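**Q** This is the structure I want to talk about, given as structure tokens.
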Amino acid sequence: MLHIQFDFNMPRRFEVQFVGPDGQEHPVYMIHRALLGSMERFFATLIEHYAGDFPVWFAPVQVQLISIADAQIPYAEEIAPLL
């Protein structure tokens, strides 16, 4: 997946400027492509925003049933349809 990004922050962070035809310094704006970076930032933002308590659309598996030992498997199988 290819994403095109317009980045205001990085040039400002590094104090990057250019001198225009008018002889004045102007801020730089970056346009770049990101192969995976924007996707990773998107998920990082969601994780931070929801603090792990994700909405249904983001966490389709709401409950996971796990028995602690083989002795609990019959009970786990019995209640699994209720989930």
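Chain lettering (A, B, ...) mirrors the order of the structure tokens, residue numbering begins at 1 for each chain separately, and ligand numbering begins at 1 in order of display.
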Excluding Val61 (chain A) and its own-chain neighbours fewer than 6 positions away, which residues fall within 12 Å of it when counting only C-alpha atoms? Please give them as a PyMOL selection string.
**A** chain A and resi 54-55+83
**Q** Keeping only N, CA, C and O atoms, write the selected residues to a file as a JSON list (two decimals), in the first residue's frame.
**A**
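The resulting file, part_8.json, is reproduced below:
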[["chain", "number", "residue", "atom", "x", "y", "z"],
["A", 54, "PHE", "N", -10.49, -1.35, 22.97],
["A", 54, "PHE", "CA", -10.89, -1.06, 21.60],
["A", 54, "PHE", "C", -12.39, -1.23, 21.38],
["A", 54, "PHE", "O", -13.03, -2.07, 22.01],
["A", 55, "PRO", "N", -12.95, -0.45, 20.45],
["A", 55, "PRO", "CA", -14.37, -0.64, 20.10],
["A", 55, "PRO", "C", -14.54, -1.93, 19.30],
["A", 55, "PRO", "O", -13.57, -2.51, 18.83],
["A", 83, "LEU", "N", -21.09, -17.95, 24.21],
["A", 83, "LEU", "CA", -20.29, -16.76, 23.92],
["A", 83, "LEU", "C", -20.68, -16.26, 22.57],
["A", 83, "LEU", "O", -20.57, -15.32, 22.06]]
**Q** Just the alpha helix (DSSP H) stuff from region 28-68 of chain A, please, per backbone DSSP, written as a list in words.
**A**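 Going through region 28-68 of chain A, the alpha helix (DSSP H) residues come out as Gly37, Ser38, Met39, Glu40, Arg41, Phe42, Phe43, Ala44, Thr45, Leu46, Ile47, Glu48, His49 and Tyr50 of chain A.
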**Q** What gap, in Å, lies between CA of Asp53 (chain A) and CA of Ile66 (chain A)?
**A**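 Those two atoms sit 20.1 Å apart.
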**Q** Ile4 (chain A): which residues within 10 Å, counting only C-alpha atoms, same-chain residues fewer than 3 positions away excluded, as a list in words?
**A**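 Skipping anything fewer than 3 positions along the chain leaves Asp7, Ile31, His32, Arg33, Ala34, Leu35 and Ser38 of chain A.
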**Q** Suppose you want the space between CA of Ser67 (chain A) and CA of Leu82 (chain A); what is it in Å?
**A**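 CA of Ser67 (chain A) sits 15.4 Å away from CA of Leu82 (chain A).
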**Q** Please list as a PyMOL selection string every residue within 8 Å of Gln17 (chain A), counting only C-alpha atoms and excluding residues in the same chain fewer than 4 positions away.
**A** chain A and resi 11+25-28
